[in-house]
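The structure under discussion appears below in the form of structure tokens.
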Amino acid sequence: MTRALSHDDPLDGLPSRARIAELILGSRPPLDTYAGWQHYRTHYDLLVPAPTISPQQWAMLPASRQYDYDLYRELTNANLPLQDTPMHDKVGKLIRRRLSGNTRKKNDPTRAGVMISGWGNYGKTASVCSAGAVFEKQWLELHGHLNPQALPGTRDLHAPVVYVSTPVTATPKSLCTSLLGFFRAPTRKSATLPELVRQVADSLYDHGVKALILDDISRLRMHRADDQDVLDLMRAFMSLDVTLILTGVNISGIGLLREAKWNKKTRQWEMPSGD
């Protein structure tokens with residue numbers, strides 16, 4: 001991904017130093033908020049890499065332009081575009097196919113989800129988020145950027161995709177609070193779990209959410225009662241016309257795909273054998 005070099009100026013089109021500084025110093029809202037997700041969706045593939053020049057061309061530049069080029073090259077090297085590896089393509093295709101099928105279902109009360117498992121720094125979050133961004137762009141264009149299920153006179157944000165990181169110590173209430181925090185929705189400390197669940201369900205529907213990305217799901221260790229309750233809560237979300245996309249490290253090894261049972265004698269949650 002390079003640009004054709006100008007015979008007159010090998011750095012033709014290079015941003016000004018002020019613009020480079022703005023790109024480096026500029027901050028973005030947290031990804032697990034509506035504003036942060038929208039910033040990611042509209043900017044994740046816009047950075048144009050620095051033009052490729054030879055050492056001889058670089059040596060002929062004025063000192064100030066050498067500094068500008070080196071600064072912008074460091075910026076682009078730190079933000080290299082996501083590589084289209086076979087696994088990245090497979091994950092994106094699976095997510096887009098699942099979302100396409102689920103958004104066209106009318107009578108099925110439960111939407112099948114997707115689990116993406118892998119070791120750390122394998123690009124799970126990047127692959128899932130890029131697939132979600134592509135889906136949201138297509139969904140918004142299909143409906144003219146309007147929520148097709150919004151009530152007349154309402155002004156709820158249209159958010160086809162929601163990204164939330166699983167709380168470090170996950171409980172049903174903390175997960176509900178994180179989901180509501182994506183929209184910066186106010187919550188009452190005295191709110192009961194049924195009230196929070198209803199608020200989340202209403203919020204997902206009012207904002208036209210079709211995909212719910214829960215990152216770092218491996219924080220659920222399945223040996224606590226709260227973890228089992230969170231898993232049950234996520235299953236309930238699957239009946240809300242929302243596709244769950246879960247990402248985590250070694251999901252199959254943390255017991256998320258198996259059921260824990262309460263042993264009355266030992267008063268412990270016990271996992272069945274993996275045989």
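Chain identifiers are assigned as A, B, and so on, following the order in which chains appear in the structure tokens; residues are numbered from 1 within each chain, and ligands are numbered from 1 in order of appearance.
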
As a PyMOL selection string, please: the residues near A:Lys189 (cut-off 12 Å, only C-alpha atoms, same-chain neighbours under 5 positions excluded). chain A and resi 173-174+177+195-196

Written file, previous selection with N, CA and C atoms, as a tab-separated table (two decimals), in the first residue's frame:
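Final output, saved to selection.tsv:
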```
chain	number	residue	atom	x	y	z
A	173	LYS	N	-24.80	-7.96	37.32
A	173	LYS	CA	-25.01	-6.52	37.44
A	173	LYS	C	-23.90	-5.73	36.76
A	174	SER	N	-22.64	-6.17	36.94
A	174	SER	CA	-21.52	-5.43	36.34
A	174	SER	C	-21.56	-5.52	34.82
A	177	THR	N	-24.24	-3.16	33.68
A	177	THR	CA	-23.76	-1.78	33.81
A	177	THR	C	-22.80	-1.43	32.67
A	195	GLU	N	-34.40	-5.29	37.05
A	195	GLU	CA	-34.56	-3.95	36.49
A	195	GLU	C	-33.44	-3.64	35.50
A	196	LEU	N	-32.20	-4.02	35.84
A	196	LEU	CA	-31.08	-3.77	34.94
A	196	LEU	C	-31.20	-4.59	33.66
```

Closest atom pairs, residues of stretch 149-219 of chain A within 12 Å of stretch 72-96 of chain A, only C-alpha atoms, as JSON lines:
```
{"residue": "A:Lys210", "atom": "CA", "partner": "A:Arg96", "partner_atom": "CA", "distance": 11.8}
{"residue": "A:Ala211", "atom": "CA", "partner": "A:Ile95", "partner_atom": "CA", "distance": 9.7}
{"residue": "A:Leu212", "atom": "CA", "partner": "A:Ile95", "partner_atom": "CA", "distance": 11.6}
{"residue": "A:Ile213", "atom": "CA", "partner": "A:Ile95", "partner_atom": "CA", "distance": 10.9}
```

Would you list the contacts of A:His43 as a PyMOL selection string, taking every protein, DNA or RNA residue within 12 Å and counting only C-alpha atoms, but skipping same-chain residues closer than 5 positions in sequence? chain A and resi 23+28+36-38+48+79+81+130+133

Exercise: A:Gln56 partners within 12 Å, only C-alpha atoms, chain neighbours under 4 positions left out, as number ranges by chain: A: 10, 52, 60-61, 66

Put those residues in a file: N, CA, C and O atoms, as an mmCIF file, in the first residue's frame.
```cif
data_model
loop_
_atom_site.group_PDB
_atom_site.id
_atom_site.type_symbol
_atom_site.label_atom_id
_atom_site.label_comp_id
_atom_site.auth_asym_id
_atom_site.auth_seq_id
_atom_site.Cartn_x
_atom_site.Cartn_y
_atom_site.Cartn_z
ATOM 1 N N PRO A 10 9.423 13.953 -3.776
ATOM 2 C CA PRO A 10 9.169 12.564 -3.374
ATOM 3 C C PRO A 10 8.205 12.455 -2.198
ATOM 4 O O PRO A 10 7.680 11.379 -1.927
ATOM 5 N N THR A 52 7.117 5.446 -0.001
ATOM 6 C CA THR A 52 8.406 4.749 0.000
ATOM 7 C C THR A 52 9.422 5.551 -0.803
ATOM 8 O O THR A 52 9.183 5.861 -1.973
ATOM 9 N N MET A 60 18.601 13.808 0.108
ATOM 10 C CA MET A 60 18.494 15.060 -0.650
ATOM 11 C C MET A 60 17.431 15.993 -0.079
ATOM 12 O O MET A 60 17.310 17.135 -0.520
ATOM 13 N N LEU A 61 16.658 15.525 0.903
ATOM 14 C CA LEU A 61 15.616 16.357 1.493
ATOM 15 C C LEU A 61 16.210 17.346 2.486
ATOM 16 O O LEU A 61 17.228 17.060 3.117
ATOM 17 N N GLN A 66 13.170 15.888 6.314
ATOM 18 C CA GLN A 66 13.603 14.582 6.802
ATOM 19 C C GLN A 66 12.928 14.258 8.134
ATOM 20 O O GLN A 66 12.484 13.131 8.361
#
```

Can you tell me, as an MDAnalysis selection string, what residues are no more than 9 Å from A:Pro109 when counting only C-alpha atoms, ignoring any on the same chain fewer than 3 positions away? chainID A and resid 105:106 238:241

Prev. selection, N, CA, C and O atoms, output as an mmCIF file, in the first residue's frame:
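Written file, selection-v9.cif:
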```
data_model
loop_
_atom_site.group_PDB
_atom_site.id
_atom_site.type_symbol
_atom_site.label_atom_id
_atom_site.label_comp_id
_atom_site.auth_asym_id
_atom_site.auth_seq_id
_atom_site.Cartn_x
_atom_site.Cartn_y
_atom_site.Cartn_z
ATOM 1 N N LYS A 105 -33.711 -13.510 9.883
ATOM 2 C CA LYS A 105 -34.629 -14.435 10.534
ATOM 3 C C LYS A 105 -35.798 -13.677 11.145
ATOM 4 O O LYS A 105 -35.618 -12.611 11.736
ATOM 5 N N LYS A 106 -36.979 -14.247 11.036
ATOM 6 C CA LYS A 106 -38.174 -13.588 11.554
ATOM 7 C C LYS A 106 -38.866 -14.391 12.657
ATOM 8 O O LYS A 106 -39.444 -13.820 13.572
ATOM 9 N N MET A 238 -29.381 -13.789 23.816
ATOM 10 C CA MET A 238 -29.510 -14.418 22.498
ATOM 11 C C MET A 238 -30.950 -14.455 22.017
ATOM 12 O O MET A 238 -31.203 -14.653 20.832
ATOM 13 N N SER A 239 -31.897 -14.258 22.921
ATOM 14 C CA SER A 239 -33.307 -14.245 22.540
ATOM 15 C C SER A 239 -33.825 -12.834 22.298
ATOM 16 O O SER A 239 -35.026 -12.628 22.152
ATOM 17 N N LEU A 240 -32.910 -11.862 22.242
ATOM 18 C CA LEU A 240 -33.303 -10.462 22.064
ATOM 19 C C LEU A 240 -33.037 -9.976 20.641
ATOM 20 O O LEU A 240 -32.849 -8.793 20.420
ATOM 21 N N ASP A 241 -33.009 -10.889 19.677
ATOM 22 C CA ASP A 241 -32.737 -10.534 18.285
ATOM 23 C C ASP A 241 -31.354 -9.905 18.150
ATOM 24 O O ASP A 241 -31.136 -8.982 17.364
#
```

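Minimum atom-to-atom distance to A:Arg184, evaluated using only C-alpha atoms, belongs to A:Leu157 out of A:Leu214, A:Cys129, A:Leu157, A:Ala59.
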
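Put simply, atom CA of A:Ala50 is 26.6 Å away from atom CA of A:Val128.
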
To test your reading of the structure, identify every residue in stretch 74-141 of chain A that backbone DSSP assigns to strand (DSSP E or B), and report it as number ranges by chain. A: 114-117

Please report, as a count of residues only, each residue of stretch 88-256 of chain A to which DSSP assigns alpha helix (DSSP H) when run on this structure's backbone. 72

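Atom pair atom CA of A:Val249 / atom CA of A:Ala112: separated by 20.5 Å.
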
Compile a residue-level contact table for stretch 55-115 of chain A against stretch 228-234 of chain A at a cut-off of 12 Å, reporting for every qualifying residue the shortest atom pair and its distance in Å to one decimal, with only C-alpha atoms counted, rows ordered by chain and ascending number, as a Markdown table.
```
| residue | atom | partner | partner_atom | distance |
| --- | --- | --- | --- | --- |
| A:Thr110 | CA | A:Met234 | CA | 11.7 |
| A:Arg111 | CA | A:Met234 | CA | 11.6 |
| A:Ala112 | CA | A:Met234 | CA | 11.8 |
| A:Gly113 | CA | A:Met234 | CA | 10.4 |
```

Quick one: residues within 10 Å of A:Ala21, only C-alpha atoms counted, chain neighbours fewer than 5 positions away excluded, as a list in words? Pro15, Ser16, Gly26, Asp68, Leu71, Tyr72 and Leu75 of chain A

At a cut-off of 7 Å, using only C-alpha atoms, what residues contact stretch 30-33 of chain A? Leave out same-chain residues fewer than 2 positions from it and give the result as JSON, numbers by chain. {"A": [28, 35, 36, 37, 163, 164, 165, 181, 182, 183]}

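Closest approach to A:Tyr205 from the set A:Leu142, A:Leu175, A:Ile217, A:Ala150 is made by A:Ala150, with distances taken over only C-alpha atoms.
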